[in-house]
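S.K.: Contents are mmCIF, C-alpha atoms; file name my_file-v6.cif:
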```cif
data_input
#
loop_
_atom_site.label_atom_id
_atom_site.label_comp_id
_atom_site.auth_asym_id
_atom_site.auth_seq_id
_atom_site.Cartn_x
_atom_site.Cartn_y
_atom_site.Cartn_z
CA MET A 1 56.98 -1.55 37.88
CA VAL A 2 54.23 -2.00 35.30
CA ALA A 3 52.83 1.26 33.94
CA LEU A 4 49.08 0.96 34.41
CA GLY A 5 47.67 4.46 33.91
CA THR A 6 44.21 5.49 35.07
CA GLY A 7 41.63 2.83 35.85
CA ILE A 8 38.42 1.93 37.61
CA GLY A 9 37.18 -0.97 39.68
CA TRP A 10 35.16 -3.26 37.43
CA ARG A 11 31.81 -4.36 38.84
CA PRO A 12 28.97 -6.12 36.96
CA GLU A 13 26.71 -3.13 37.66
CA LEU A 14 29.22 -0.87 35.88
CA ALA A 15 30.10 -3.23 33.04
CA SER A 16 28.13 -1.50 30.27
CA GLY A 17 29.34 1.95 31.27
CA ILE A 18 32.96 0.83 31.54
CA ALA A 19 32.72 -0.81 28.13
CA GLY A 20 32.00 2.62 26.64
CA MET A 21 35.00 4.34 28.25
CA THR A 22 37.37 4.68 25.31
CA ASP A 23 40.29 6.22 27.23
CA LEU A 24 40.36 3.70 30.08
CA ASP A 25 43.78 2.12 30.69
CA TRP A 26 42.95 -0.66 33.12
CA VAL A 27 40.44 -2.19 35.50
CA GLU A 28 40.63 -4.03 38.79
CA VAL A 29 38.28 -6.92 39.56
CA VAL A 30 37.53 -8.67 42.85
CA ALA A 31 39.43 -11.93 42.44
CA GLU A 32 36.93 -14.03 44.38
CA ASN A 33 34.19 -13.02 41.93
CA ILE A 34 35.97 -14.68 39.00
CA CYS A 35 35.73 -18.42 38.45
CA PRO A 36 38.98 -19.85 37.03
CA GLY A 37 38.48 -20.71 33.38
CA HIS A 38 35.31 -18.59 33.12
CA VAL A 39 36.17 -14.94 32.53
CA PRO A 40 32.98 -12.85 32.17
CA GLU A 41 32.48 -11.75 28.58
CA PRO A 42 32.65 -7.99 29.36
CA LEU A 43 36.03 -8.50 31.03
CA ARG A 44 37.20 -10.65 28.16
CA ALA A 45 36.22 -7.91 25.72
CA LEU A 46 38.16 -5.31 27.71
CA ARG A 47 41.20 -7.53 27.87
CA ASP A 48 41.03 -8.23 24.14
CA ARG A 49 41.05 -4.52 23.31
CA GLY A 50 44.19 -4.02 25.40
CA VAL A 51 42.77 -2.95 28.77
CA THR A 52 44.84 -4.44 31.59
CA VAL A 53 42.87 -6.44 34.19
CA VAL A 54 44.23 -6.84 37.73
CA PRO A 55 42.68 -9.28 40.26
CA HIS A 56 42.23 -7.78 43.72
CA GLY A 57 41.81 -10.42 46.43
CA VAL A 58 39.85 -10.01 49.65
CA GLY A 59 39.97 -13.52 51.14
CA LEU A 60 43.58 -14.61 51.75
CA GLY A 61 43.78 -13.07 55.21
CA LEU A 62 47.56 -12.73 55.08
CA GLY A 63 47.58 -10.91 58.41
CA GLY A 64 45.96 -13.81 60.24
CA ALA A 65 47.72 -16.38 62.42
CA ASP A 66 47.02 -19.25 59.99
CA ARG A 67 49.09 -19.81 56.86
CA PRO A 68 47.31 -18.83 53.63
CA SER A 69 45.09 -21.53 52.19
CA PRO A 70 46.84 -23.45 49.38
CA ALA A 71 43.49 -23.84 47.62
CA ARG A 72 42.87 -20.08 47.70
CA LEU A 73 46.35 -19.42 46.37
CA VAL A 74 45.92 -21.90 43.52
CA ARG A 75 42.60 -20.29 42.62
CA LEU A 76 44.11 -16.80 42.68
CA ALA A 77 47.02 -17.93 40.53
CA HIS A 78 44.60 -19.38 37.95
CA VAL A 79 42.56 -16.16 37.88
CA ALA A 80 45.71 -14.11 37.30
CA ALA A 81 46.71 -16.41 34.45
CA ASP A 82 43.23 -16.34 32.88
CA LEU A 83 43.19 -12.54 32.93
CA GLY A 84 46.77 -12.17 31.70
CA SER A 85 47.44 -9.92 34.70
CA PRO A 86 50.83 -8.32 35.39
CA LEU A 87 50.34 -8.50 39.16
CA VAL A 88 47.92 -9.57 41.91
CA THR A 89 46.86 -7.47 44.89
CA GLU A 90 45.53 -8.24 48.36
CA HIS A 91 45.15 -6.56 51.74
CA ILE A 92 47.16 -6.29 54.92
CA ALA A 93 44.37 -7.68 57.04
CA PHE A 94 42.95 -10.74 58.67
CA VAL A 95 39.49 -11.95 57.70
CA ARG A 96 38.87 -15.06 59.81
CA ALA A 97 39.67 -16.48 63.22
CA GLY A 98 39.40 -19.75 65.09
CA GLY A 99 39.86 -23.17 63.57
CA PRO A 100 41.87 -26.25 64.62
CA VAL A 101 44.87 -24.28 65.89
CA ALA A 102 42.68 -22.18 68.18
CA GLY A 103 40.54 -25.14 69.19
CA ALA A 104 37.37 -23.42 68.01
CA ARG A 105 35.14 -23.23 64.97
CA GLN A 106 36.60 -20.99 62.28
CA VAL A 107 34.58 -17.82 61.82
CA GLU A 108 34.65 -15.62 58.73
CA ALA A 109 34.56 -11.95 59.67
CA GLY A 110 33.02 -10.79 56.39
CA HIS A 111 35.25 -7.71 56.67
CA LEU A 112 38.87 -6.64 56.45
CA LEU A 113 40.21 -6.40 60.00
CA PRO A 114 43.37 -4.53 61.04
CA VAL A 115 46.61 -6.29 61.91
CA PRO A 116 48.30 -5.19 65.15
CA ARG A 117 51.43 -3.26 64.25
CA THR A 118 53.68 -5.33 66.48
CA ARG A 119 56.88 -7.17 65.59
CA GLU A 120 55.24 -10.52 66.34
CA ALA A 121 52.40 -9.76 63.92
CA LEU A 122 54.89 -8.50 61.35
CA ASP A 123 56.83 -11.80 61.54
CA VAL A 124 53.64 -13.75 60.84
CA LEU A 125 52.64 -11.43 58.00
CA CYS A 126 56.06 -11.65 56.35
CA GLU A 127 56.02 -15.45 56.38
CA ASN A 128 52.50 -15.53 54.95
CA VAL A 129 53.50 -13.06 52.24
CA ARG A 130 56.49 -15.21 51.25
CA ILE A 131 54.22 -18.25 50.96
CA ALA A 132 51.83 -16.31 48.74
CA GLN A 133 54.63 -14.95 46.58
CA ASP A 134 55.98 -18.44 45.98
CA ALA A 135 52.53 -19.66 44.89
CA LEU A 136 51.66 -16.80 42.53
CA PRO A 137 52.86 -16.48 38.91
CA VAL A 138 53.12 -12.69 39.06
CA PRO A 139 54.24 -10.10 41.67
CA LEU A 140 52.07 -9.42 44.71
CA ALA A 141 51.13 -5.97 46.03
CA LEU A 142 49.44 -5.36 49.38
CA GLU A 143 47.02 -2.60 50.38
CA ASN A 144 46.73 -0.62 53.60
CA ILE A 145 43.16 -0.87 54.90
CA ALA A 146 40.69 1.59 56.43
CA THR A 147 39.84 1.04 60.08
CA LEU A 148 37.17 2.17 62.51
CA VAL A 149 39.09 0.94 65.56
CA ALA A 150 42.79 0.58 66.31
CA TRP A 151 44.76 -1.93 68.34
CA PRO A 152 46.35 -0.58 71.53
CA ASP A 153 50.09 -0.68 72.15
CA ASP A 154 51.28 -0.67 68.54
CA GLU A 155 55.07 -0.95 68.37
CA LEU A 156 55.44 0.52 64.88
CA THR A 157 53.85 3.31 62.89
CA GLU A 158 52.08 2.32 59.69
CA ALA A 159 55.00 3.61 57.60
CA GLN A 160 57.52 1.66 59.70
CA PHE A 161 55.39 -1.48 59.52
CA LEU A 162 55.05 -1.26 55.73
CA GLY A 163 58.69 -0.32 55.31
CA GLU A 164 59.91 -3.39 57.17
CA LEU A 165 57.42 -5.56 55.29
CA VAL A 166 58.81 -4.36 51.95
CA GLU A 167 62.42 -4.71 53.10
CA ARG A 168 61.94 -8.26 54.34
CA THR A 169 59.79 -9.65 51.51
CA GLY A 170 60.20 -7.43 48.44
CA VAL A 171 56.40 -7.16 48.21
CA ARG A 172 54.92 -4.19 46.34
CA LEU A 173 52.54 -1.70 47.93
CA LEU A 174 49.06 -0.66 46.90
CA ILE A 175 48.55 2.63 48.74
CA ASP A 176 44.93 3.61 49.27
CA VAL A 177 44.93 7.35 50.00
CA ALA A 178 41.23 7.19 50.92
CA ASN A 179 42.18 4.74 53.66
CA LEU A 180 44.89 7.13 54.88
CA HIS A 181 42.19 9.81 55.08
CA THR A 182 39.98 7.39 57.04
CA ASP A 183 42.73 6.81 59.58
CA HIS A 184 43.30 10.56 59.84
CA VAL A 185 39.66 11.22 60.77
CA ASN A 186 39.19 8.15 62.96
CA HIS A 187 42.56 7.97 64.71
CA GLY A 188 44.19 11.37 64.29
CA ARG A 189 47.09 10.06 62.22
CA ASP A 190 48.87 12.49 59.88
CA PRO A 191 48.47 11.07 56.36
CA SER A 192 50.96 13.46 54.77
CA ALA A 193 53.63 12.44 57.27
CA THR A 194 52.86 8.79 56.59
CA LEU A 195 53.30 9.35 52.85
CA THR A 196 56.72 10.95 53.30
CA GLU A 197 57.92 7.97 55.36
CA LEU A 198 56.58 5.18 53.12
CA PRO A 199 58.90 3.19 50.80
CA LEU A 200 57.30 4.62 47.67
CA GLU A 201 59.93 2.94 45.50
CA ALA A 202 57.80 -0.18 46.08
CA LEU A 203 54.59 1.50 44.91
CA ALA A 204 52.54 -0.63 42.51
CA TYR A 205 49.53 1.68 42.25
CA VAL A 206 47.12 3.88 44.18
CA HIS A 207 43.45 3.60 45.17
CA VAL A 208 41.10 6.55 45.56
CA ALA A 209 37.51 6.30 46.75
CA GLY A 210 34.72 8.17 48.45
CA GLY A 211 33.19 7.85 51.87
CA VAL A 212 31.09 9.69 54.41
CA GLU A 213 31.51 10.98 57.95
CA ARG A 214 28.92 9.95 60.54
CA ASP A 215 29.11 10.84 64.24
CA GLY A 216 32.77 11.77 63.97
CA LEU A 217 33.83 8.57 62.17
CA TRP A 218 34.78 8.28 58.52
CA HIS A 219 33.22 5.32 56.74
CA ASP A 220 35.05 4.13 53.63
CA THR A 221 31.85 3.37 51.73
CA HIS A 222 33.03 3.38 48.11
CA ALA A 223 29.52 4.72 47.50
CA HIS A 224 30.22 8.45 47.35
CA PRO A 225 32.25 10.78 45.12
CA VAL A 226 35.92 11.16 45.97
CA PRO A 227 36.18 14.07 48.44
CA PRO A 228 38.65 16.95 48.07
CA ALA A 229 40.70 15.72 51.06
CA VAL A 230 41.40 12.40 49.33
CA LEU A 231 42.29 14.14 46.06
CA ALA A 232 44.67 16.36 48.04
CA LEU A 233 46.39 13.27 49.45
CA LEU A 234 46.69 11.87 45.93
CA GLY A 235 48.41 15.12 44.99
CA ASP A 236 50.75 14.84 47.99
CA LEU A 237 51.72 11.33 46.95
CA CYS A 238 52.27 12.32 43.31
CA ALA A 239 54.51 15.19 44.43
CA LEU A 240 56.72 12.60 46.16
CA ARG A 241 56.64 9.94 43.45
CA GLU A 242 54.79 9.41 40.19
CA PRO A 243 52.46 6.42 40.71
CA PRO A 244 52.51 3.65 38.09
CA GLY A 245 48.71 3.68 38.22
CA VAL A 246 45.72 5.22 39.96
CA LEU A 247 42.36 3.44 40.30
CA LEU A 248 38.93 4.76 41.24
CA GLU A 249 36.83 2.42 43.40
CA ARG A 250 33.03 2.43 43.43
CA ASP A 251 31.09 -0.43 45.02
CA ASP A 252 27.61 0.92 45.72
CA ALA A 253 25.16 3.69 44.77
CA PHE A 254 26.47 3.35 41.24
CA PRO A 255 26.20 6.63 39.29
CA GLU A 256 25.80 7.20 35.57
CA PRO A 257 28.94 6.55 33.49
CA ALA A 258 29.31 10.28 32.81
CA GLU A 259 29.83 10.95 36.53
CA LEU A 260 32.53 8.31 36.79
CA THR A 261 34.18 9.61 33.61
CA ALA A 262 34.26 13.07 35.18
CA GLU A 263 35.86 11.69 38.35
CA LEU A 264 38.51 9.92 36.30
CA ALA A 265 39.23 13.20 34.50
CA VAL A 266 39.72 14.95 37.85
CA ILE A 267 42.10 12.20 38.96
CA ARG A 268 44.13 12.60 35.77
CA ALA A 269 44.25 16.35 36.32
CA VAL A 270 45.52 15.95 39.89
CA VAL A 271 48.29 13.62 38.73
CA ALA A 272 49.23 15.90 35.84
CA ALA A 273 49.32 18.97 38.11
CA THR A 274 51.37 17.46 40.91
CA GLY A 275 53.26 14.56 39.38
CA ARG A 276 56.41 14.53 37.28
CA SER A 277 54.87 13.98 33.86
CA SER A 278 52.27 11.25 33.33
CA LEU A 279 51.11 8.05 34.96
CA ALA A 280 54.22 5.96 34.50
CA PRO A 281 56.68 4.00 36.65
CA THR A 282 59.70 5.80 38.05
CA GLY A 283 61.69 2.92 39.43
CA THR A 284 61.80 -0.74 40.34
CA VAL A 285 61.75 -2.70 43.53
CA ALA A 286 63.83 -5.73 44.29
CA ALA A 287 62.35 -9.06 43.28
CA PRO A 288 61.06 -11.17 46.18
CA GLU A 289 63.81 -13.73 45.60
CA ARG A 290 66.53 -11.09 45.82
CA ALA A 291 65.02 -9.58 48.95
CA ARG A 292 64.78 -12.97 50.59
CA ALA A 293 68.40 -13.76 49.74
CA ALA A 294 69.50 -10.45 51.27
CA THR A 295 67.52 -11.19 54.41
CA ALA A 296 69.01 -14.65 54.68
CA THR A 297 72.53 -13.23 54.67
#
```
Would you kindly transcribe this structure into structure tokens?
M.R.:
Amino acid sequence: MVALGTGIGWRPELASGIAGMTDLDWVEVVAENICPGHVPEPLRALRDRGVTVVPHGVGLGLGGADRPSPARLVRLAHVAADLGSPLVTEHIAFVRAGGPVAGARQVEAGHLLPVPRTREALDVLCENVRIAQDALPVPLALENIATLVAWPDDELTEAQFLGELVERTGVRLLIDVANLHTDHVNHGRDPSATLTELPLEALAYVHVAGGVERDGLWHDTHAHPVPPAVLALLGDLCALREPPGVLLERDDAFPEPAELTAELAVIRAVVAATGRSSLAPTGTVAAPERARAATAT
């Protein structure tokens, strides 16, 4: 695993503040917001001073019934190469439906939608992940998403679903502890139990973010400070395995840089208090090729 350290989601609205953060290890950028061959100057400056930049995709829809778009994969591969990124991340979600296979006009959801945790859906996801892995020049990591509603009749828990996904494809995991908190509030799932059952040897890095509760539902807004419950889950994860990296997400209601710097300091303190030593990798996960060969035999 690549040791990333402590980072923040890069957004144009935060560019000047992030540029002044002297102890920042890395940033994550929405992949679809980068044009291949045209890296924004603030990102280029960060990269040139040694800050790692990781593209985080939102449009592949690997959990959908259709195979991932070759054009989207080529674009994502170019962005990763332009940024000199050590890995690429995406979501376990579907983002569109319809099209020629369904005999209807394809509709973009404009949101990350949950994949049913069934074996049929897992088969589709695994094949789509293998296609993406073959097309990308660097390893792929996938993120668990936050959900307001859940599919009925799931056959697997989230930990079982992710565990089989890792075993069958060798994909890395991006664990968003804020999303685990969302599922705890909205669906009654035990996030600490989920953490203990996850294949954390495949952990690429961790997301933390803020949200707000309205009418009994937790909304993963990325527009509020990280709440104590999410920091506690980060501590639970670190007690189980030192994460290669932790990243703070903020996508709206952007605060002053000093507030974000303070949140990053709290995140470092949680990791230092509950982890083994510092933000660094503690193991490796099998390469996709090796995992596929094992599955084939």
S.K.: Hey, which of A:Ile267, A:Leu76, A:Ala223, A:Ile145 ends up closest to Arg250 (chain A)? Count only C-alpha atoms.
M.R.: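 For Arg250 (chain A), the nearest of the given residues is A:Ala223.
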S.K.: So how far away is CA of Val230 (chain A) from CA of Thr261 (chain A), in Å?
M.R.: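 CA of Thr261 (chain A) sits 17.5 Å away from CA of Val230 (chain A).
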S.K.: Please enumerate the residues selected by the PyMOL selection byres ((chain A and resi 80) around 9) when evaluated against the supplied file, formatted as a list of chain:residue names.
M.R.: A:Ala31, A:Pro36, A:Val53, A:Val54, A:Pro55, A:Arg75, A:Leu76, A:Ala77, A:His78, A:Val79, A:Ala81, A:Asp82, A:Leu83, A:Gly84, A:Ser85, A:Pro86, A:Leu87, A:Val88, A:Leu136, A:Pro137, A:Val138
S.K.: I need the output of the PyMOL selection byres ((chain A and resi 131) around 12) for this file as a list in words; which residues are they?
M.R.: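 The output of the PyMOL selection byres ((chain A and resi 131) around 12) on this file is Leu60, Leu62, Asp66, Arg67, Pro68, Ser69, Pro70, Arg72, Leu73, Val74, Val124, Leu125, Cys126, Glu127, Asn128, Val129, Arg130, Ala132, Gln133, Asp134, Ala135, Leu136, Leu140, Thr169, Val171, Pro288, Glu289 and Arg292 of chain A.
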S.K.: Give me, please, the distance in Å between CA of Ala97 (chain A) and CA of Gly63 (chain A), quoted to one decimal.
M.R.: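 Atom-to-atom, CA of Ala97 (chain A) to CA of Gly63 (chain A), that is 10.8 Å.
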